[in-house]
Structure formats: structure tokens, C-alpha cells
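J.: I'd like to ask you about the structure that follows.
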Amino acid sequence: MEKAIVIRKINQMPDNLMGIVSEFLDKLVKGYELGFKQGTELSEAEKQEILEALAEYEAHPETGLKWEDLKAELTSSHAL
């Protein structure tokens with residue numbers, strides 16, 4: 001899947017989901033980088049950490065990032 005498709009999907013999501021999306025993307029990238037460097041997939045502990053982060057956000061969605069902040073961060077970090 002191309003980055004443009006993923007970014008378009010993110011742009012279409014409701015603002016109240018942006019915090020969980022941001023946290024999930026951070027965890028996903030971190031896990032991928034660790035797996036890539038070590039030649040392994042996510043460990044069970046890493047998978048559990050991602051699930052716990054998602055559950056925490058669902059319980060307290062007000063703790064997420066504002067969409068405009070996330071959009072600016074993604075735009076600058078991916079040179080869009």
C-alpha cells in the first residue's frame with residue numbers, strides 16, 4: 001500500500017481517533033524497526049504493549065493528539 005493511500009485514509013478519520021492512530025503508528029514503526037534490525041517479528045510483549053496503548057486511548061480518548069498536530073508532524077517527517 002502506498003503512503004498516499006494511508007495518508008488519505010488518516011485524513012478521512014474522525015478527529016477523536018487521531019490520538020490512537022498516532023500512538024499506534026509510533027508503536028508500529030518502533031516494532032517494525034526492531035524486527036527489521038533483529039530479523040524478527042513483534043514479540044508477544046510488544047504486541048501486548050500495542051494492545052494496552054489502544055485500550056488506554058479508548059478509555060481516555062481526550063489524551064490523544066490533536067489532528068492538526070499529528071498532520072503537521074506526519075507532513076514534516078515524511079516530507080509531504
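By order in the C-alpha cells, chains are A, B, ...; within a chain, residues start at 1; ligands start at 1, following the order shown.
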Taking the DSSP secondary structure from the backbone, can you list the residues of segment 32-75 of chain A that are alpha helix (DSSP H), as a PyMOL selection string?
T.: chain A and resi 32-38+44-59+67-75
J.: Selection from above, C-alpha atoms, as a short mmCIF file (atom, residue, chain, number, x, y, z; two decimals), in the first residue's frame, can you write it?
T.:
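Okay, this is what ended up in part.cif:
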data_model
loop_
_atom_site.label_atom_id
_atom_site.label_comp_id
_atom_site.auth_asym_id
_atom_site.auth_seq_id
_atom_site.Cartn_x
_atom_site.Cartn_y
_atom_site.Cartn_z
CA TYR A 32 8.91 -2.82 12.70
CA GLU A 33 12.30 -1.16 13.14
CA LEU A 34 13.17 -3.53 15.99
CA GLY A 35 12.01 -6.54 13.97
CA PHE A 36 13.87 -5.36 10.89
CA LYS A 37 17.08 -4.81 12.80
CA GLN A 38 16.80 -8.11 14.63
CA GLU A 44 4.31 -11.02 22.41
CA ALA A 45 5.31 -8.30 24.90
CA GLU A 46 5.43 -5.71 22.09
CA LYS A 47 2.07 -6.85 20.76
CA GLN A 48 0.63 -6.62 24.27
CA GLU A 49 2.07 -3.12 24.68
CA ILE A 50 0.32 -2.01 21.49
CA LEU A 51 -2.98 -3.51 22.63
CA GLU A 52 -2.63 -1.84 26.03
CA ALA A 53 -1.93 1.53 24.38
CA LEU A 54 -5.05 1.12 22.25
CA ALA A 55 -7.15 0.17 25.29
CA GLU A 56 -5.77 3.14 27.25
CA TYR A 57 -6.74 5.51 24.46
CA GLU A 58 -10.21 4.01 24.16
CA ALA A 59 -10.68 4.50 27.90
CA TRP A 67 -5.38 16.10 14.42
CA GLU A 68 -3.67 19.28 13.24
CA ASP A 69 -0.60 18.50 15.38
CA LEU A 70 -0.39 14.94 14.06
CA LYS A 71 -0.92 16.06 10.49
CA ALA A 72 1.89 18.63 10.81
CA GLU A 73 4.19 16.02 12.35
CA LEU A 74 3.47 13.44 9.64
CA THR A 75 3.82 16.03 6.90
#
J.: If you count only C-alpha atoms, which residues fall within 12 Å of Lys9 of chain A, apart from same-chain ones fewer than 6 positions away, as an MDAnalysis selection string?
T.: chainID A and resid 1:3 17:18 21
J.: Go through A:Leu65, A:Val6, A:Ile20, A:Leu28 and flag the residue nearest Glu41 of chain A, using only C-alpha atoms for the distances.
T.: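 Comparing A:Leu65, A:Val6, A:Ile20, A:Leu28 against Glu41 of chain A, the winner is A:Leu28.
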